>>> print(open('entry31.cif').read())   # mmCIF, C-alpha atoms and all ligand atoms
data_work
loop_
_atom_site.label_atom_id
_atom_site.label_comp_id
_atom_site.auth_asym_id
_atom_site.auth_seq_id
_atom_site.Cartn_x
_atom_site.Cartn_y
_atom_site.Cartn_z
CA MET O 923 -6.32 20.75 16.59
CA VAL O 924 -9.09 18.46 17.81
CA LYS O 925 -12.40 19.83 19.06
CA ARG O 926 -13.11 19.21 22.70
CA ASN O 927 -16.06 16.87 23.33
CA LYS O 928 -18.98 19.25 23.97
CA ASN O 929 -20.47 16.95 26.56
CA ILE O 930 -17.32 17.03 28.64
CA GLU O 931 -17.32 20.81 28.42
CA LYS O 932 -20.77 20.69 30.05
CA LEU O 933 -19.50 19.03 33.21
CA LYS O 934 -19.82 21.60 35.92
CA ALA O 935 -16.82 23.51 37.27
CA GLY O 936 -15.19 20.25 38.15
CA TYR O 937 -16.06 17.14 39.96
CA LEU O 938 -17.06 17.68 43.57
CA PHE O 939 -14.15 15.85 45.16
CA PRO O 940 -11.34 17.51 43.15
CA GLU O 941 -12.83 20.86 44.17
CA ILE O 942 -12.73 19.83 47.83
CA GLY O 943 -9.13 18.72 47.33
CA ARG O 944 -8.28 22.07 45.78
CA ARG O 945 -9.75 24.01 48.71
CA LYS O 946 -7.97 21.73 51.15
CA ARG O 947 -4.59 22.28 49.46
CA GLU O 948 -5.20 26.04 49.29
CA PHE O 949 -5.92 26.10 53.03
CA LEU O 950 -2.84 24.02 53.84
CA ALA O 951 -0.60 26.20 51.67
CA LYS O 952 -1.68 29.21 53.73
CA ASN O 953 -1.60 27.34 57.05
CA PRO O 954 1.31 24.92 56.94
CA GLY O 955 1.62 22.38 59.72
CA ILE O 956 -2.08 22.20 60.58
CA LYS O 957 -3.36 18.64 60.85
CA LEU O 958 -6.61 18.32 58.97
CA ILE O 959 -8.95 15.41 59.64
CA SER O 960 -10.94 14.22 56.66
CA LEU O 961 -14.53 13.12 57.08
CA GLY O 962 -15.11 14.19 53.51
CA ILE O 963 -14.72 11.87 50.54
CA GLY O 964 -16.15 8.49 51.49
CA ASN O 965 -12.82 6.73 51.37
CA THR O 966 -12.26 3.69 53.56
CA THR O 967 -9.39 3.79 56.07
CA GLU O 968 -9.17 0.44 57.85
CA PRO O 969 -6.80 -2.25 56.56
CA LEU O 970 -7.98 -5.27 54.58
CA THR O 971 -8.79 -8.24 56.79
CA PRO O 972 -6.19 -11.05 57.17
CA HIS O 973 -8.31 -13.64 55.35
CA VAL O 974 -8.58 -11.43 52.27
CA VAL O 975 -4.89 -10.51 52.33
CA ASP O 976 -3.91 -14.19 52.54
CA ALA O 977 -5.97 -14.97 49.45
CA LEU O 978 -4.49 -12.03 47.49
CA VAL O 979 -0.92 -13.00 48.40
CA LYS O 980 -1.39 -16.69 47.75
CA TYR O 981 -2.89 -16.17 44.33
CA SER O 982 -0.36 -13.50 43.32
CA LYS O 983 2.40 -16.01 44.06
CA SER O 984 0.68 -18.81 42.19
CA LEU O 985 0.50 -16.60 39.09
CA GLY O 986 4.28 -16.90 39.02
CA THR O 987 4.04 -20.67 38.52
CA LYS O 988 3.30 -22.68 35.40
CA GLU O 989 0.44 -24.54 37.07
CA GLY O 990 -1.10 -21.49 38.73
CA TYR O 991 -1.00 -19.04 35.87
CA THR O 992 -4.24 -17.79 34.30
CA GLY O 993 -4.87 -15.18 31.61
CA TYR O 994 -8.06 -13.83 30.06
CA ASP O 995 -11.18 -15.31 31.56
CA ASP O 996 -11.91 -17.58 28.59
CA ASP O 997 -9.30 -19.87 30.12
CA GLN O 998 -11.08 -22.84 31.83
CA LYS O 999 -9.42 -22.37 35.21
CA ALA O 1000 -10.27 -18.66 35.20
CA GLN O 1001 -13.86 -19.50 34.30
CA ASP O 1002 -14.13 -21.97 37.15
CA PHE O 1003 -12.96 -19.35 39.66
CA LEU O 1004 -15.42 -16.82 38.28
CA LEU O 1005 -18.32 -19.26 38.47
CA GLU O 1006 -17.44 -20.09 42.08
CA LEU O 1007 -17.29 -16.38 42.87
CA LYS O 1008 -20.72 -15.67 41.35
CA THR O 1009 -22.13 -18.71 43.13
CA ARG O 1010 -20.85 -17.38 46.45
CA ILE O 1011 -22.34 -13.94 45.78
CA SER O 1012 -25.65 -15.56 44.84
CA LYS O 1013 -25.72 -17.80 47.93
CA ASN O 1014 -23.93 -15.85 50.65
CA TRP O 1015 -24.89 -12.28 49.73
CA TYR O 1016 -28.31 -12.73 48.12
CA ASN O 1017 -29.48 -15.91 49.81
CA GLY O 1018 -30.34 -17.31 46.40
CA LEU O 1019 -32.51 -14.33 45.50
CA VAL O 1020 -30.61 -13.90 42.23
CA GLY O 1021 -28.91 -16.54 40.11
CA ALA O 1022 -25.15 -16.82 39.67
CA ASP O 1023 -25.75 -16.47 35.92
CA GLU O 1024 -27.40 -13.08 36.43
CA ILE O 1025 -24.32 -11.63 38.15
CA VAL O 1026 -21.56 -9.93 36.15
CA CYS O 1027 -18.36 -9.20 38.10
CA SER O 1028 -16.43 -5.99 37.64
CA ASP O 1029 -13.93 -3.52 39.03
CA GLY O 1030 -16.57 -1.56 40.97
CA ALA O 1031 -20.01 -0.03 41.09
CA LYS O 1032 -18.94 3.33 39.69
CA PRO O 1033 -17.34 1.93 36.53
CA ASP O 1034 -20.40 -0.31 36.10
CA CYS O 1035 -22.58 2.77 36.32
CA GLY O 1036 -20.57 4.38 33.52
CA ARG O 1037 -20.83 1.26 31.38
CA LEU O 1038 -24.60 1.04 32.02
CA GLN O 1039 -24.79 4.57 30.64
CA VAL O 1040 -23.03 3.31 27.51
CA LEU O 1041 -25.45 0.37 27.37
CA PHE O 1042 -28.53 2.60 27.35
CA GLY O 1043 -27.01 5.30 25.16
CA ASN O 1044 -28.04 8.94 25.06
CA ASP O 1045 -31.54 8.64 23.64
CA VAL O 1046 -33.11 7.93 27.03
CA THR O 1047 -34.87 10.03 29.63
CA ILE O 1048 -33.40 9.87 33.12
CA ALA O 1049 -34.52 10.62 36.68
CA VAL O 1050 -32.03 11.02 39.54
CA GLN O 1051 -32.47 11.57 43.23
CA ASP O 1052 -31.46 15.06 44.29
CA PRO O 1053 -28.99 15.07 46.03
CA ALA O 1054 -27.22 12.14 44.35
CA TYR O 1055 -23.90 10.36 44.02
CA PRO O 1056 -22.22 12.39 41.22
CA VAL O 1057 -21.65 9.66 38.59
CA TYR O 1058 -25.38 9.26 37.80
CA VAL O 1059 -25.50 12.84 36.54
CA ASP O 1060 -21.93 13.34 35.31
CA GLY O 1061 -21.84 10.01 33.45
CA SER O 1062 -25.14 10.88 31.77
CA VAL O 1063 -23.70 14.26 30.79
CA ILE O 1064 -20.62 12.63 29.25
CA ILE O 1065 -22.66 10.34 27.01
CA GLY O 1066 -24.83 13.29 25.96
CA ALA O 1067 -28.14 12.27 27.51
CA THR O 1068 -28.84 15.38 29.59
CA GLY O 1069 -29.18 18.45 27.37
CA GLU O 1070 -27.61 21.72 28.44
CA TYR O 1071 -26.90 22.97 31.94
CA ASN O 1072 -29.61 25.33 33.07
CA GLU O 1073 -28.54 27.92 35.65
CA LYS O 1074 -32.11 28.66 36.72
CA LYS O 1075 -32.88 25.00 37.32
CA GLN O 1076 -29.43 24.48 38.85
CA GLY O 1077 -29.36 21.32 36.81
CA PHE O 1078 -29.50 19.83 33.31
CA ASP O 1079 -32.45 20.55 31.03
CA LYS O 1080 -33.37 16.96 30.17
CA LEU O 1081 -32.76 15.40 33.59
CA ILE O 1082 -35.60 14.89 36.02
CA TYR O 1083 -34.46 15.70 39.56
CA MET O 1084 -36.31 13.97 42.38
CA PRO O 1085 -35.83 16.21 45.44
CA CYS O 1086 -35.07 14.29 48.63
CA THR O 1087 -35.50 16.59 51.60
CA PRO O 1088 -36.46 16.38 55.30
CA GLU O 1089 -40.05 17.20 54.23
CA ASN O 1090 -40.35 13.91 52.32
CA ASN O 1091 -38.02 11.93 54.62
CA PHE O 1092 -35.45 12.04 51.82
CA LEU O 1093 -37.56 9.81 49.59
CA PRO O 1094 -38.91 11.16 46.30
CA ASP O 1095 -42.59 11.85 45.86
CA LEU O 1096 -43.41 9.56 42.93
CA SER O 1097 -46.86 11.05 42.41
CA LYS O 1098 -45.20 14.21 41.07
CA LEU O 1099 -42.84 12.42 38.70
CA PRO O 1100 -43.17 12.18 34.95
CA ARG O 1101 -42.26 8.92 33.23
CA THR O 1102 -38.57 8.40 32.44
CA ASP O 1103 -36.75 5.47 30.85
CA LEU O 1104 -34.22 5.18 33.65
CA ILE O 1105 -34.53 5.89 37.37
CA TYR O 1106 -31.33 5.99 39.42
CA PHE O 1107 -32.04 5.08 43.02
CA CYS O 1108 -29.52 4.65 45.83
CA SER O 1109 -30.49 3.05 49.17
CA PRO O 1110 -28.92 3.32 51.74
CA ASN O 1111 -28.40 6.70 50.19
CA ASN O 1112 -25.20 8.53 49.61
CA PRO O 1113 -25.22 11.34 50.71
CA THR O 1114 -28.41 11.54 52.83
CA GLY O 1115 -28.11 8.15 54.55
CA ALA O 1116 -31.84 7.52 54.01
CA VAL O 1117 -32.95 3.91 53.52
CA ALA O 1118 -36.15 3.00 51.68
CA THR O 1119 -38.48 0.56 53.45
CA LYS O 1120 -39.95 -2.45 51.67
CA GLU O 1121 -43.22 -0.56 51.20
CA GLN O 1122 -41.42 2.43 49.70
CA LEU O 1123 -39.39 0.27 47.34
CA LYS O 1124 -42.58 -1.56 46.36
CA GLU O 1125 -44.08 1.79 45.35
CA LEU O 1126 -40.99 2.54 43.29
CA VAL O 1127 -41.09 -0.87 41.61
CA ASP O 1128 -44.83 -0.54 40.86
CA PHE O 1129 -44.18 2.94 39.43
CA ALA O 1130 -41.42 1.56 37.19
CA LEU O 1131 -43.57 -1.40 36.07
CA LYS O 1132 -46.49 0.87 35.26
CA ASN O 1133 -44.26 3.22 33.26
CA LYS O 1134 -42.11 0.47 31.73
CA SER O 1135 -39.02 2.15 33.18
CA ILE O 1136 -35.80 0.56 34.40
CA ILE O 1137 -34.54 1.24 37.93
CA ILE O 1138 -30.77 1.31 38.36
CA PHE O 1139 -30.54 0.43 42.02
CA ASP O 1140 -27.25 1.29 43.72
CA ALA O 1141 -26.89 -0.93 46.78
CA ALA O 1142 -23.26 -0.05 47.54
CA TYR O 1143 -24.14 0.41 51.23
CA SER O 1144 -26.56 -2.49 51.67
CA ALA O 1145 -24.21 -4.27 54.09
CA PHE O 1146 -24.48 -1.29 56.46
CA ILE O 1147 -28.18 -1.95 57.08
CA ASN O 1148 -28.71 -3.04 60.67
CA ASP O 1149 -32.48 -3.00 60.79
CA LYS O 1150 -33.58 -6.46 59.67
CA LYS O 1151 -36.90 -5.16 58.37
CA LEU O 1152 -35.21 -2.95 55.76
CA PRO O 1153 -34.55 -4.37 52.29
CA LYS O 1154 -30.89 -4.90 51.34
CA SER O 1155 -31.62 -5.60 47.71
CA ILE O 1156 -34.28 -4.38 45.32
CA PHE O 1157 -34.84 -8.01 44.39
CA GLU O 1158 -36.54 -8.54 47.76
CA ILE O 1159 -39.43 -6.63 46.18
CA LYS O 1160 -42.02 -8.44 44.10
CA GLY O 1161 -41.91 -7.34 40.46
CA ALA O 1162 -38.37 -5.95 40.68
CA ARG O 1163 -36.98 -8.64 38.39
CA GLU O 1164 -38.98 -7.19 35.49
CA CYS O 1165 -37.76 -3.62 35.97
CA SER O 1166 -34.47 -3.40 37.87
CA ILE O 1167 -30.72 -3.66 37.66
CA GLU O 1168 -28.68 -3.67 40.88
CA ILE O 1169 -25.09 -2.51 41.25
CA ASN O 1170 -23.00 -3.33 44.29
CA SER O 1171 -19.42 -3.37 45.45
CA LEU O 1172 -16.99 -4.57 48.08
CA SER O 1173 -15.51 -1.06 48.27
CA LYS O 1174 -17.23 0.19 51.38
CA PRO O 1175 -18.07 -2.97 53.38
CA ALA O 1176 -14.73 -4.74 52.83
CA GLY O 1177 -12.34 -1.86 52.15
CA PHE O 1178 -11.90 -2.72 48.45
CA THR O 1179 -11.90 0.96 47.37
CA GLY O 1180 -8.35 0.54 46.07
CA VAL O 1181 -8.39 -3.21 45.39
CA ARG O 1182 -11.52 -2.76 43.16
CA PHE O 1183 -14.30 -5.30 43.02
CA GLY O 1184 -17.99 -4.85 42.26
CA TRP O 1185 -20.82 -6.56 40.44
CA THR O 1186 -24.04 -5.90 38.60
CA VAL O 1187 -27.17 -8.06 38.70
CA VAL O 1188 -29.30 -8.06 35.55
CA PRO O 1189 -32.28 -10.43 35.92
CA LYS O 1190 -33.16 -12.65 32.98
CA GLU O 1191 -36.71 -11.27 32.92
CA LEU O 1192 -35.52 -7.73 32.20
CA LYS O 1193 -36.26 -6.92 28.55
CA PHE O 1194 -36.04 -4.04 26.13
CA ASP O 1195 -39.18 -2.97 24.25
CA ASP O 1196 -38.24 -5.27 21.35
CA GLY O 1197 -38.30 -8.23 23.73
CA SER O 1198 -34.54 -8.77 23.76
CA PRO O 1199 -32.95 -9.45 27.15
CA VAL O 1200 -30.95 -6.61 28.72
CA LEU O 1201 -28.55 -9.19 30.19
CA SER O 1202 -27.19 -10.23 26.76
CA ASP O 1203 -26.46 -6.62 25.80
CA TRP O 1204 -24.86 -6.03 29.18
CA LYS O 1205 -22.56 -9.02 28.72
CA ARG O 1206 -21.71 -7.77 25.24
CA ILE O 1207 -20.80 -4.28 26.53
CA MET O 1208 -18.73 -5.78 29.34
CA GLY O 1209 -16.91 -8.08 26.94
CA THR O 1210 -16.25 -5.26 24.50
CA LEU O 1211 -15.18 -2.43 26.81
CA PHE O 1212 -13.80 -4.36 29.75
CA ASN O 1213 -11.95 -7.60 30.21
CA GLY O 1214 -13.28 -8.49 33.63
CA SER O 1215 -12.03 -7.86 37.13
CA SER O 1216 -8.43 -8.71 38.00
CA ASN O 1217 -7.90 -12.41 38.66
CA ILE O 1218 -5.96 -11.60 41.85
CA VAL O 1219 -8.79 -9.42 43.09
CA GLN O 1220 -11.31 -12.18 42.34
CA GLN O 1221 -9.47 -14.38 44.81
CA GLY O 1222 -9.67 -11.62 47.41
CA ALA O 1223 -13.40 -11.39 46.70
CA LEU O 1224 -13.81 -15.18 46.95
CA ALA O 1225 -12.31 -14.94 50.43
CA ALA O 1226 -14.48 -11.93 51.34
CA PHE O 1227 -17.62 -13.91 50.45
CA ASP O 1228 -16.86 -17.05 52.46
CA LYS O 1229 -17.83 -17.60 56.10
CA ILE O 1230 -14.66 -16.13 57.62
CA GLY O 1231 -14.63 -13.28 55.10
CA ILE O 1232 -18.19 -12.26 55.85
CA LYS O 1233 -17.53 -12.35 59.59
CA GLU O 1234 -14.46 -10.14 59.17
CA MET O 1235 -16.42 -7.81 56.89
CA GLN O 1236 -19.06 -7.42 59.59
CA GLY O 1237 -16.31 -6.43 62.04
CA MET O 1238 -15.22 -3.65 59.70
CA ILE O 1239 -18.79 -2.45 59.20
CA ASP O 1240 -19.38 -2.42 62.98
CA TYR O 1241 -16.25 -0.31 63.42
CA TYR O 1242 -17.43 2.33 60.92
CA MET O 1243 -20.94 2.29 62.32
CA GLU O 1244 -19.60 3.01 65.81
CA ASN O 1245 -17.79 5.97 64.22
CA ALA O 1246 -21.09 7.11 62.73
CA ARG O 1247 -22.76 6.85 66.13
CA LEU O 1248 -20.02 9.00 67.70
CA ILE O 1249 -20.38 11.66 64.99
CA LYS O 1250 -24.15 11.74 65.39
CA GLN O 1251 -23.82 11.99 69.18
CA GLY O 1252 -21.30 14.85 68.78
CA LEU O 1253 -23.48 16.78 66.36
CA ASP O 1254 -26.47 16.35 68.69
CA ALA O 1255 -24.38 17.63 71.64
CA ALA O 1256 -23.31 20.63 69.54
CA GLY O 1257 -26.95 21.41 68.75
CA ILE O 1258 -26.45 20.79 65.03
CA LYS O 1259 -29.50 19.31 63.37
CA SER O 1260 -28.53 16.12 61.58
CA TYR O 1261 -30.03 13.00 60.06
CA TRP O 1262 -28.72 9.50 60.57
CA THR O 1263 -30.75 6.35 60.24
CA GLY O 1264 -28.35 3.97 61.97
CA ASN O 1265 -28.16 2.06 58.68
CA SER O 1266 -25.53 3.95 56.71
CA PRO O 1267 -22.05 5.39 57.22
CA TYR O 1268 -23.12 8.97 56.41
CA ILE O 1269 -24.56 11.68 58.63
CA TRP O 1270 -26.39 14.47 56.80
CA ALA O 1271 -26.14 17.70 58.80
CA HIS O 1272 -28.53 20.57 58.16
CA PHE O 1273 -27.66 24.25 58.38
CA PRO O 1274 -30.91 25.89 57.22
CA GLY O 1275 -30.46 29.13 55.35
CA LYS O 1276 -26.70 28.70 55.06
CA ASP O 1277 -24.68 27.93 51.95
CA SER O 1278 -23.15 24.43 51.98
CA TRP O 1279 -19.78 25.63 50.71
CA ASP O 1280 -19.68 28.37 53.41
CA VAL O 1281 -20.36 25.80 56.12
CA PHE O 1282 -17.75 23.51 54.54
CA SER O 1283 -15.20 26.37 54.58
CA LYS O 1284 -15.98 27.28 58.18
CA ILE O 1285 -15.54 23.68 59.37
CA LEU O 1286 -12.31 23.47 57.34
CA GLU O 1287 -10.80 26.80 58.37
CA GLU O 1288 -11.90 26.93 62.01
CA GLY O 1289 -12.30 23.27 62.89
CA HIS O 1290 -9.66 21.82 60.56
CA VAL O 1291 -12.07 19.07 59.59
CA VAL O 1292 -12.92 18.24 55.97
CA THR O 1293 -16.57 17.45 55.20
CA THR O 1294 -18.49 17.37 51.93
CA PRO O 1295 -20.79 20.27 50.98
CA GLY O 1296 -24.28 18.99 50.23
CA ALA O 1297 -24.79 21.36 47.28
CA GLY O 1298 -22.10 19.40 45.42
CA PHE O 1299 -24.54 16.47 45.25
CA GLY O 1300 -27.34 18.50 43.66
CA PRO O 1301 -29.52 21.57 44.26
CA ALA O 1302 -31.56 19.94 47.06
CA GLY O 1303 -28.30 19.36 48.99
CA GLN O 1304 -27.98 23.11 49.53
CA GLY O 1305 -27.76 23.93 53.25
CA PHE O 1306 -26.45 20.45 54.10
CA VAL O 1307 -23.00 19.05 54.82
CA ARG O 1308 -22.15 15.35 54.77
CA PHE O 1309 -20.04 13.76 57.49
CA SER O 1310 -18.50 10.42 56.56
CA ALA O 1311 -17.88 7.74 59.20
CA PHE O 1312 -14.90 6.33 57.30
CA GLY O 1313 -11.89 7.16 59.47
CA HIS O 1314 -9.64 5.88 62.23
CA ARG O 1315 -11.44 5.98 65.58
CA GLU O 1316 -8.97 8.44 67.14
CA ASP O 1317 -9.46 10.85 64.22
CA ILE O 1318 -13.21 10.61 64.47
CA VAL O 1319 -13.12 11.34 68.20
CA GLU O 1320 -10.80 14.32 67.65
CA ALA O 1321 -12.86 15.65 64.71
CA VAL O 1322 -16.04 15.49 66.78
CA GLU O 1323 -14.38 17.48 69.58
CA ARG O 1324 -13.25 20.12 67.08
CA VAL O 1325 -16.67 20.48 65.46
CA LYS O 1326 -18.35 20.73 68.88
CA LYS O 1327 -16.30 23.89 69.59
CA LEU O 1328 -17.55 25.73 66.49
CA LYS O 1329 -20.30 28.33 66.71
CA PHE O 1330 -22.68 28.44 63.74
C1 LIG H 1401 -18.62 4.51 46.95
C2 LIG H 1401 -19.84 4.32 46.15
C3 LIG H 1401 -19.88 3.39 45.14
C4 LIG H 1401 -18.75 2.44 44.98
O1 LIG H 1401 -18.02 2.60 43.90
P1 LIG H 1401 -16.86 1.60 43.56
O2 LIG H 1401 -16.57 1.98 42.16
O3 LIG H 1401 -17.36 0.22 43.69
O4 LIG H 1401 -15.70 1.90 44.47
C5 LIG H 1401 -21.04 3.22 44.42
N1 LIG H 1401 -22.13 3.94 44.70
C6 LIG H 1401 -22.14 4.83 45.68
C7 LIG H 1401 -23.40 5.55 46.00
C8 LIG H 1401 -20.99 5.05 46.44
O5 LIG H 1401 -21.02 5.95 47.42
#
>>> encode(input="entry31.cif", output="structure tokens", more="lines below")
Ligand SMILES: *Cc1c(COP(=O)(O)O)cnc(C)c1O
Amino acid sequence: MVKRNKNIEKLKAGYLFPEIGRRKREFLAKNPGIKLISLGIGNTTEPLTPHVVDALVKYSKSLGTKEGYTGYDDDQKAQDFLLELKTRISKNWYNGLVGADEIVCSDGAKPDCGRLQVLFGNDVTIAVQDPAYPVYVDGSVIIGATGEYNEKKQGFDKLIYMPCTPENNFLPDLSKLPRTDLIYFCSPNNPTGAVATKEQLKELVDFALKNKSIIIFDAAYSAFINDKKLPKSIFEIKGARECSIEINSLSKPAGFTGVRFGWTVVPKELKFDDGSPVLSDWKRIMGTLFNGSSNIVQQGALAAFDKIGIKEMQGMIDYYMENARLIKQGLDAAGIKSYWTGNSPYIWAHFPGKDSWDVFSKILEEGHVVTTPGAGFGPAGQGFVRFSAFGHREDIVEAVERVKKLKF
């Protein structure tokens, strides 16, 4: 028999979303026929836009021809497509803020996060926002960088948790933080929806520069920012090129959750303590563990990043943001305290003194609406529940009506 990997054993009772799925199925088994509405897992619901679909179909067909076929991306034609794609991301997404040669394309921000964890290895110290998107913690646990789980701390021994609560406007108090090698930072934040201002990101960048840390900046929701004064990329901040990596994805803004396309930006200036560039190691890891994003998907992404694609993407974002507005309005009408910045697809509802999983169960069993319990994102998420704006409009409207009828 083979010994189970100790680090995997350390993963808590199961990933948050499978546990929600389990509770959902258990409820449905006892209450057959009830129509649940899911505002839980942040899964997109609206169809891909026509321009993207056309590109996917056209390229799939061309792969069936001698002239159109491409294989691994060392093939010249494949390389040309990839260069055009990175150039479009550089120009149309970043306005030239980062170079095409600093962008590495992938199958999504979450897998990139896992591969970044492989890049840095387990001999690093790590800070995470609390609450946080689960892969920052769970991926670090898997590679063995976290130490043991500590019941009293409600977290892992070696991890530094940066509490993000209403008291600090959901932004960590850097003055209380020790130095760590890596700092995971997500803005707009999943799950709290908080967005850091330029001044706040500048403080974070200065903190990282002073400590010689690297920020792993998750910008998966940057396209949901409406307020023009708010930064969409960490590279809008002076000094960020010396201390930051940014991950991003078409999953949420363009509905690529199933199609799979993301990218990571590693600036040329970013160096390890021996002076070697992080970008070369990143390319090495990507080449070794991953053979690049699907060529079909790259064509979908090329379409998503052109003029028509970006316009269609904005339409999808506007749709979800109207959903978010309706949820916020409903929670306000129901007298439920909630936080929404108008710049993210998540509403963070507060039930002080209550247990997140109890509130989750009540909304599930009495309202037949699936949410996400805040405690699943970290100890500081206790007492909160996350509402996701990803859903068909009619479901959102119905879910809001159901939640409004509940008494807490
Ligand atoms: C959904 C999400 C991602 C996207 O992951 P993909 O692998 O690109 O689908 C990344 N970060 C956060 C915070 C997310 O919520």
>>> closest_residue(input="entry31.cif", among="O:Phe1309, O:Trp1015, O:Phe1092, O:Phe1178", to="Asp1228 in chain O", atoms="only C-alpha atoms")
O:Trp1015
>>> closest_atom_pairs(input="entry31.cif", of="chain O", to="ligand LIG 1401 (chain H)", cutoff="9 Å", atoms="only C-alpha atoms and all ligand atoms", output="CSV")
residue,atom,partner,partner_atom,distance
O:Gly964,CA,H:LIG1401,C1,6.5
O:Asn965,CA,H:LIG1401,C1,7.6
O:Ser1028,CA,H:LIG1401,O3,8.7
O:Asp1029,CA,H:LIG1401,O2,6.9
O:Gly1030,CA,H:LIG1401,O3,3.3
O:Ala1031,CA,H:LIG1401,O3,3.7
O:Lys1032,CA,H:LIG1401,O2,3.7
O:Pro1033,CA,H:LIG1401,O2,5.7
O:Asp1034,CA,H:LIG1401,O2,7.5
O:Cys1035,CA,H:LIG1401,C5,8.3
O:Ala1054,CA,H:LIG1401,C7,7.8
O:Tyr1055,CA,H:LIG1401,C7,5.2
O:Pro1056,CA,H:LIG1401,C7,8.4
O:Val1057,CA,H:LIG1401,N1,8.4
O:Cys1108,CA,H:LIG1401,C7,6.2
O:Ser1109,CA,H:LIG1401,C7,8.2
O:Pro1110,CA,H:LIG1401,C7,8.3
O:Asn1111,CA,H:LIG1401,C7,6.6
O:Asn1112,CA,H:LIG1401,C7,5.0
O:Pro1113,CA,H:LIG1401,O5,7.6
O:Asp1140,CA,H:LIG1401,N1,5.8
O:Ala1141,CA,H:LIG1401,N1,7.1
O:Ala1142,CA,H:LIG1401,N1,5.0
O:Tyr1143,CA,H:LIG1401,C7,7.4
O:Ile1169,CA,H:LIG1401,C5,7.7
O:Asn1170,CA,H:LIG1401,O3,6.7
O:Ser1171,CA,H:LIG1401,O3,4.5
O:Leu1172,CA,H:LIG1401,O3,6.5
O:Ser1173,CA,H:LIG1401,O4,4.8
O:Lys1174,CA,H:LIG1401,C1,6.3
O:Phe1178,CA,H:LIG1401,O4,7.2
O:Thr1179,CA,H:LIG1401,O4,4.9
O:Gly1180,CA,H:LIG1401,O4,7.6
O:Val1181,CA,H:LIG1401,O4,9.0
O:Arg1182,CA,H:LIG1401,O4,6.4
O:Phe1183,CA,H:LIG1401,O3,6.3
O:Gly1184,CA,H:LIG1401,O3,5.3
O:Trp1185,CA,H:LIG1401,O3,8.3
>>> residues_around(input="entry31.cif", residues="range 1288-1304 of chain O", least_positions_apart="6", cutoff="6 Å", atoms="only C-alpha atoms", output="list of chain:residue names")
O:Leu938, O:Leu958, O:Ile959, O:Ser960, O:Leu961, O:Gly962, O:Asp1052, O:Pro1053, O:Ala1054, O:Pro1085, O:Ser1278, O:Trp1279, O:Phe1282, O:Arg1324, O:Val1325
>>> residues_around(input="entry31.cif", residues="Asp1002 in chain O", least_positions_apart="3", cutoff="12 Å", atoms="all atoms listed in the file", output="ChimeraX atom specification")
/O:992,995-999,1005-1009,1217,1220-1221,1224
>>> residues_around(input="entry31.cif", residues="Asp1023 in chain O", least_positions_apart="2", cutoff="10 Å", atoms="only C-alpha atoms", output="number ranges by chain")
O: 1005, 1008-1009, 1012, 1020-1021, 1025-1026, 1187-1190, 1201
>>> closest_residue(input="entry31.cif", among="O:Met1243, O:Val979, O:Ala951, O:Leu1041", to="Ile1207 in chain O", atoms="only C-alpha atoms")
O:Leu1041
>>> atom_distance(input="entry31.cif", atom1="CA of Phe1078 in chain O", atom2="CA of Ala1130 in chain O")
22.2 Å
>>> axis_aligned_box(input="entry31.cif", around="range 1022-1037 of chain O", padding_each_side="5 Å", output="JSON")
{"center_x": -20.7, "center_y": -6.2, "center_z": 36.2, "size_x": 23.5, "size_y": 31.2, "size_z": 19.7}
>>> closest_residue(input="entry31.cif", among="O:Leu1099, O:Ile1159, O:Val1322, O:Ile1137", to="Tyr1083 in chain O", atoms="all atoms listed in the file")
O:Leu1099
>>> residues_around(input="entry31.cif", residues="Leu1096 in chain O", least_positions_apart="6", cutoff="9 Å", atoms="all atoms listed in the file", output="count of residues only")
4
>>> atom_distance(input="entry31.cif", atom1="CA of Leu1038 in chain O", atom2="CA of Trp1204 in chain O")
7.6 Å
>>> atom_distance(input="entry31.cif", atom1="CA of Phe1003 in chain O", atom2="CA of Leu1019 in chain O")
21.0 Å
>>> residues_around(input="entry31.cif", residues="Asn1148 in chain O", least_positions_apart="6", cutoff="12 Å", atoms="only C-alpha atoms", output="number ranges by chain")
O: 1110, 1117, 1154, 1236, 1239-1240, 1243, 1263-1267
>>> closest_residue(input="entry31.cif", among="O:Glu1024, O:Ser984, O:Lys1327, O:Ala1116", to="Leu1152 in chain O", atoms="all atoms listed in the file")
O:Ala1116
>>> closest_residue(input="entry31.cif", among="O:Lys1284, O:Arg1037, O:His1272, O:Lys980", to="Tyr1058 in chain O", atoms="all atoms listed in the file")
O:Arg1037
>>> decode(input="entry31.cif", residues="range 1137-1149 of chain O", atoms="C-alpha atoms", output="PDB file, in the first residue's frame")
ATOM      1  CA  ILE O1137       2.569  40.108  -4.097  1.00  0.00           C
ATOM      2  CA  ILE O1138       0.465  37.598  -5.998  1.00  0.00           C
ATOM      3  CA  PHE O1139      -2.311  39.871  -7.178  1.00  0.00           C
ATOM      4  CA  ASP O1140      -5.515  38.133  -8.259  1.00  0.00           C
ATOM      5  CA  ALA O1141      -7.373  40.469 -10.606  1.00  0.00           C
ATOM      6  CA  ALA O1142      -9.982  37.939 -11.767  1.00  0.00           C
ATOM      7  CA  TYR O1143     -12.744  40.530 -11.242  1.00  0.00           C
ATOM      8  CA  SER O1144     -10.957  43.626 -12.526  1.00  0.00           C
ATOM      9  CA  ALA O1145     -13.375  43.986 -15.451  1.00  0.00           C
ATOM     10  CA  PHE O1146     -16.239  44.421 -12.961  1.00  0.00           C
ATOM     11  CA  ILE O1147     -14.801  47.709 -11.693  1.00  0.00           C
ATOM     12  CA  ASN O1148     -17.091  50.575 -12.662  1.00  0.00           C
ATOM     13  CA  ASP O1149     -15.468  53.362 -10.707  1.00  0.00           C
TER      14      ASP O1149
END
